[in-house]
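**Student:** Before we start, here is the structure in question, set down as structure tokens.
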Amino acid sequence: MKNEIHCNVIVDLLPLYHDGVCSEESRQLIEEHFETCQECRRLCQKLNIPEPVPELLPDETETFRKFSKKIKHTRISNIILIIISIMMFLLGAASLSWYVLKYRPYAQLCEGMQASREYKGFQYYTEDENYAYVVKMPSYLGFESGFVRVSPLQTDKMSIVLFIWPQINAETEFGVMIPQNAGQNNYNLIALSIDKNMQYIPEKNQSPEQIQTREELFALYHDEIKALMNAAQDKWGENLE
């Protein structure tokens with residue numbers, strides 16, 4: 001009887017035989033077939049039907065920990081983004097204020113002047129028959145830097161120098177440096193503040209004696225200072241208003 005069984009029938013019964021759930025008659029029939037059929041025996045030895053693995057449910061504690069960590073990272077990223085945005089806004093506002101209030105008034109005075117890096121920082125220079133003109137550009141975000149200078153074309157002695165600080169929404173500031181003891185080994189430079197109308201402006205915390213000394217000095221060099229002011233006015237005109 002064993003020779004009458006076709007291999008296809010045995011192959012159909014192999015999963016049941018492998019799992020041990022076939023009947024006793026079927027088991028005997030399959031084993032008798034194995035005695036004469038090496039191919040079915042090898043197929044049974046190789047037969048490996050994996051059992052289904054149940055899906056593991058995620059641990060609730062681990063899931064909550066990962067979720068909390070993700071939320072924490074998101075909050076930190078948002079805080080960093082907000083801080084960077086605020087810093088960029090403040091930098092942009094400061095840059096705009098510096099450009100409008102500080103850089104632009106100086107830039108208007110540089111037209112027709114030659115760029116020069118003779119001194120530290122960027123400046124522009126030009127001269128005419130009698131005077132030299134210098135515009136020292138303010139440094140980036142340097143609200144207290146930069147100046148405009150007018151000085152006589154003299155190289156044999158120290159001379160009076162006019163300094164100008166242009167403003168865009170305020171009156172232009174003026175000052176002069178007057179050398180003392182010129183021609184000697186030692187000399188002092190005295191700074192005086194003046195306005196556009198050639199009036200001396202006393203500084204704060206000066207004693208009455210200091211004010212009187214500077215007023216006398218201003219009166220002594222009034223004509224030379226006036227000539228420097230006129231030269232600046234001829235050069236830049238309404239840009240110094």
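Each chain of the structure tokens is named A, B, ... in the order shown, its residues numbered from 1; ligands are numbered from 1 in display order.
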Which neighbours of Leu13 (chain A) fall inside 8 Å, counting only C-alpha atoms, when residues of the same chain fewer than 2 positions from it are skipped, and could you give them as number ranges by chain?
**Tutor:** A: 9-11, 15-17, 22, 26, 30
**Student:** Show which residues sit within 9 Å of Ala231 (chain A), as JSON, numbers by chain. Count only C-alpha atoms, and ignore same-chain residues fewer than 6 positions away.
**Tutor:** {"A": [130, 131, 150]}
**Student:** Of the residues A:Glu173, A:Glu24, A:Glu238, A:Glu39, which is the one nearest to Phe147 (chain A), using only C-alpha atoms?
**Tutor:**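 Ranked by minimum distance to Phe147 (chain A), first place goes to A:Glu173.
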**Student:** When DSSP works through the backbone of this structure, what residues of region 46-216 of chain A end up as strand (DSSP E), shown as JSON, numbers by chain?
**Tutor:** {"A": [114, 115, 116, 123, 124, 125, 126, 127, 131, 132, 133, 134, 135, 136, 147, 148, 149, 150, 151, 152, 161, 162, 163, 164, 165, 173, 174, 175, 176, 177, 178, 179, 180, 188, 189, 190, 191, 192, 193, 194, 200, 201]}
**Student:** Any chance you can output those residues with C-alpha atoms as a PDB file, in the first residue's frame?
**Tutor:**
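Printed below is selection.pdb as written:
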ATOM      1  CA  GLN A 114      39.410 110.588  -2.197  1.00  0.00           C
ATOM      2  CA  ALA A 115      39.337 107.470  -0.032  1.00  0.00           C
ATOM      3  CA  SER A 116      42.418 106.975   2.119  1.00  0.00           C
ATOM      4  CA  GLN A 123      38.553 108.130   5.890  1.00  0.00           C
ATOM      5  CA  TYR A 124      38.288 110.526   2.944  1.00  0.00           C
ATOM      6  CA  TYR A 125      40.670 113.341   2.125  1.00  0.00           C
ATOM      7  CA  THR A 126      40.836 116.348  -0.164  1.00  0.00           C
ATOM      8  CA  GLU A 127      42.417 119.800  -0.147  1.00  0.00           C
ATOM      9  CA  TYR A 131      42.996 123.968   3.615  1.00  0.00           C
ATOM     10  CA  ALA A 132      42.954 120.207   4.022  1.00  0.00           C
ATOM     11  CA  TYR A 133      39.665 118.412   4.594  1.00  0.00           C
ATOM     12  CA  VAL A 134      39.304 115.003   6.240  1.00  0.00           C
ATOM     13  CA  VAL A 135      36.183 112.924   6.880  1.00  0.00           C
ATOM     14  CA  LYS A 136      36.828 110.078   9.303  1.00  0.00           C
ATOM     15  CA  PHE A 147      34.810 113.241  12.892  1.00  0.00           C
ATOM     16  CA  VAL A 148      35.313 115.881  10.208  1.00  0.00           C
ATOM     17  CA  ARG A 149      38.505 117.961  10.286  1.00  0.00           C
ATOM     18  CA  VAL A 150      39.575 121.187   8.576  1.00  0.00           C
ATOM     19  CA  SER A 151      43.143 122.406   8.959  1.00  0.00           C
ATOM     20  CA  PRO A 152      45.425 124.926   7.203  1.00  0.00           C
ATOM     21  CA  VAL A 161      42.353 122.624  13.721  1.00  0.00           C
ATOM     22  CA  LEU A 162      38.584 122.695  13.381  1.00  0.00           C
ATOM     23  CA  PHE A 163      36.633 119.531  14.213  1.00  0.00           C
ATOM     24  CA  ILE A 164      33.037 118.927  13.180  1.00  0.00           C
ATOM     25  CA  TRP A 165      30.557 116.256  14.276  1.00  0.00           C
ATOM     26  CA  GLU A 173      28.673 120.207  16.856  1.00  0.00           C
ATOM     27  CA  PHE A 174      31.947 122.122  16.418  1.00  0.00           C
ATOM     28  CA  GLY A 175      35.215 122.223  18.290  1.00  0.00           C
ATOM     29  CA  VAL A 176      38.723 123.618  17.832  1.00  0.00           C
ATOM     30  CA  MET A 177      42.126 122.456  19.001  1.00  0.00           C
ATOM     31  CA  ILE A 178      44.448 125.384  19.757  1.00  0.00           C
ATOM     32  CA  PRO A 179      48.162 124.626  20.294  1.00  0.00           C
ATOM     33  CA  GLN A 180      49.978 126.571  23.005  1.00  0.00           C
ATOM     34  CA  ASN A 188      49.679 122.008  24.996  1.00  0.00           C
ATOM     35  CA  LEU A 189      46.538 121.449  22.967  1.00  0.00           C
ATOM     36  CA  ILE A 190      43.479 123.176  24.362  1.00  0.00           C
ATOM     37  CA  ALA A 191      40.061 122.052  23.145  1.00  0.00           C
ATOM     38  CA  LEU A 192      37.229 124.558  22.845  1.00  0.00           C
ATOM     39  CA  SER A 193      33.605 123.843  21.967  1.00  0.00           C
ATOM     40  CA  ILE A 194      31.826 126.383  19.766  1.00  0.00           C
ATOM     41  CA  TYR A 200      32.256 129.759  22.740  1.00  0.00           C
ATOM     42  CA  ILE A 201      30.452 127.038  24.747  1.00  0.00           C
TER      43      ILE A 201
END
**Student:** Work out how far CA of Leu101 (chain A) is from CA of Glu171 (chain A), in Å to one decimal.
**Tutor:**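 Computing it gives 12.4 Å between the two atoms.
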**Student:** To one decimal place, how far is CA of Cys37 (chain A) from CA of Cys7 (chain A) in Å?
**Tutor:** 8.4 Å
**Student:** Looking at only C-alpha atoms, which of A:Phe218, A:Phe34, A:Phe67, A:Tyr103 is the one that sits closest to Tyr140 (chain A)?
**Tutor:**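 Counting only C-alpha atoms, the residue closest to Tyr140 (chain A) is A:Tyr103.
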**Student:** If you run DSSP on the backbone here, which positions in region 44-198 of chain A get helix (DSSP H, G or I)? Please write them as a ChimeraX atom specification.
**Tutor:** /A:44-46,60-107
**Student:** Go ahead and save the residues from that selection, with N, CA and C atoms, as a short mmCIF file (atom, residue, chain, number, x, y, z; two decimals), in the first residue's frame.
**Tutor:**
data_model
loop_
_atom_site.label_atom_id
_atom_site.label_comp_id
_atom_site.auth_asym_id
_atom_site.auth_seq_id
_atom_site.Cartn_x
_atom_site.Cartn_y
_atom_site.Cartn_z
N CYS A 44 10.96 16.65 4.69
CA CYS A 44 10.43 16.72 6.05
C CYS A 44 11.48 17.23 7.03
N GLN A 45 12.74 16.83 6.82
CA GLN A 45 13.81 17.29 7.70
C GLN A 45 14.05 18.80 7.55
N LYS A 46 13.86 19.27 6.33
CA LYS A 46 14.08 20.70 6.09
C LYS A 46 12.86 21.55 6.42
N GLU A 60 4.61 51.51 28.39
CA GLU A 60 4.01 52.83 28.59
C GLU A 60 5.00 53.81 29.21
N THR A 61 5.80 53.33 30.14
CA THR A 61 6.78 54.22 30.79
C THR A 61 7.83 54.70 29.80
N GLU A 62 8.31 53.74 28.96
CA GLU A 62 9.31 54.12 27.97
C GLU A 62 8.72 55.07 26.94
N THR A 63 7.47 54.81 26.54
CA THR A 63 6.81 55.69 25.57
C THR A 63 6.65 57.11 26.14
N PHE A 64 6.23 57.21 27.38
CA PHE A 64 6.08 58.51 28.02
C PHE A 64 7.42 59.22 28.16
N ARG A 65 8.47 58.46 28.49
CA ARG A 65 9.80 59.07 28.63
C ARG A 65 10.28 59.65 27.30
N LYS A 66 10.10 58.90 26.22
CA LYS A 66 10.52 59.39 24.91
C LYS A 66 9.70 60.61 24.50
N PHE A 67 8.39 60.58 24.79
CA PHE A 67 7.54 61.71 24.44
C PHE A 67 7.94 62.96 25.22
N SER A 68 8.21 62.79 26.52
CA SER A 68 8.62 63.93 27.35
C SER A 68 9.95 64.50 26.87
N LYS A 69 10.87 63.60 26.49
CA LYS A 69 12.17 64.05 25.99
C LYS A 69 12.01 64.85 24.70
N LYS A 70 11.11 64.37 23.84
CA LYS A 70 10.86 65.09 22.57
C LYS A 70 10.26 66.46 22.83
N ILE A 71 9.31 66.53 23.77
CA ILE A 71 8.69 67.81 24.11
C ILE A 71 9.73 68.76 24.68
N LYS A 72 10.63 68.25 25.55
CA LYS A 72 11.67 69.08 26.16
C LYS A 72 12.60 69.65 25.10
N HIS A 73 13.01 68.80 24.16
CA HIS A 73 13.89 69.27 23.08
C HIS A 73 13.19 70.32 22.23
N THR A 74 11.88 70.12 21.99
CA THR A 74 11.13 71.09 21.18
C THR A 74 11.06 72.44 21.89
N ARG A 75 10.85 72.42 23.21
CA ARG A 75 10.79 73.67 23.97
C ARG A 75 12.13 74.38 23.96
N ILE A 76 13.22 73.62 24.14
CA ILE A 76 14.55 74.24 24.13
C ILE A 76 14.83 74.85 22.76
N SER A 77 14.47 74.12 21.69
CA SER A 77 14.69 74.64 20.34
C SER A 77 13.89 75.92 20.11
N ASN A 78 12.65 75.95 20.61
CA ASN A 78 11.82 77.15 20.44
C ASN A 78 12.40 78.33 21.22
N ILE A 79 12.90 78.06 22.43
CA ILE A 79 13.50 79.14 23.23
C ILE A 79 14.73 79.70 22.54
N ILE A 80 15.58 78.80 22.03
CA ILE A 80 16.79 79.24 21.31
C ILE A 80 16.40 80.06 20.08
N LEU A 81 15.38 79.59 19.36
CA LEU A 81 14.93 80.31 18.16
C LEU A 81 14.40 81.69 18.52
N ILE A 82 13.67 81.80 19.64
CA ILE A 82 13.14 83.10 20.07
C ILE A 82 14.29 84.04 20.45
N ILE A 83 15.28 83.51 21.18
CA ILE A 83 16.42 84.34 21.59
C ILE A 83 17.18 84.85 20.36
N ILE A 84 17.42 83.95 19.40
CA ILE A 84 18.13 84.35 18.18
C ILE A 84 17.32 85.40 17.42
N SER A 85 16.01 85.22 17.36
CA SER A 85 15.16 86.19 16.65
C SER A 85 15.21 87.56 17.31
N ILE A 86 15.18 87.57 18.65
CA ILE A 86 15.25 88.84 19.37
C ILE A 86 16.59 89.52 19.13
N MET A 87 17.67 88.73 19.18
CA MET A 87 19.00 89.30 18.96
C MET A 87 19.13 89.86 17.55
N MET A 88 18.59 89.14 16.56
CA MET A 88 18.64 89.62 15.18
C MET A 88 17.82 90.90 15.02
N PHE A 89 16.68 90.95 15.69
CA PHE A 89 15.84 92.16 15.62
C PHE A 89 16.57 93.36 16.24
N LEU A 90 17.17 93.14 17.42
CA LEU A 90 17.88 94.24 18.08
C LEU A 90 19.09 94.69 17.25
N LEU A 91 19.81 93.72 16.67
CA LEU A 91 20.95 94.09 15.82
C LEU A 91 20.49 94.87 14.60
N GLY A 92 19.38 94.43 14.00
CA GLY A 92 18.86 95.15 12.84
C GLY A 92 18.42 96.55 13.19
N ALA A 93 17.75 96.70 14.35
CA ALA A 93 17.30 98.03 14.79
C ALA A 93 18.49 98.93 15.08
N ALA A 94 19.52 98.38 15.74
CA ALA A 94 20.71 99.17 16.04
C ALA A 94 21.44 99.57 14.76
N SER A 95 21.53 98.63 13.81
CA SER A 95 22.21 98.93 12.54
C SER A 95 21.47 100.02 11.77
N LEU A 96 20.14 99.94 11.75
CA LEU A 96 19.36 100.95 11.04
C LEU A 96 19.51 102.31 11.70
N SER A 97 19.47 102.34 13.03
CA SER A 97 19.64 103.62 13.74
C SER A 97 21.02 104.20 13.49
N TRP A 98 22.04 103.34 13.53
CA TRP A 98 23.40 103.81 13.28
C TRP A 98 23.54 104.36 11.87
N TYR A 99 22.94 103.66 10.90
CA TYR A 99 23.06 104.12 9.51
C TYR A 99 22.39 105.47 9.32
N VAL A 100 21.17 105.62 9.86
CA VAL A 100 20.41 106.84 9.64
C VAL A 100 20.99 108.01 10.43
N LEU A 101 21.29 107.76 11.71
CA LEU A 101 21.68 108.85 12.59
C LEU A 101 23.17 109.17 12.54
N LYS A 102 23.99 108.19 12.21
CA LYS A 102 25.44 108.41 12.29
C LYS A 102 26.15 108.31 10.94
N TYR A 103 25.93 107.22 10.21
CA TYR A 103 26.70 107.00 8.99
C TYR A 103 26.28 107.94 7.87
N ARG A 104 24.98 108.09 7.66
CA ARG A 104 24.51 108.88 6.51
C ARG A 104 24.96 110.34 6.56
N PRO A 105 24.93 111.02 7.73
CA PRO A 105 25.42 112.41 7.73
C PRO A 105 26.87 112.52 7.30
N TYR A 106 27.70 111.53 7.67
CA TYR A 106 29.11 111.56 7.25
C TYR A 106 29.24 111.22 5.77
N ALA A 107 28.44 110.25 5.31
CA ALA A 107 28.54 109.84 3.91
C ALA A 107 28.21 111.00 2.96
#
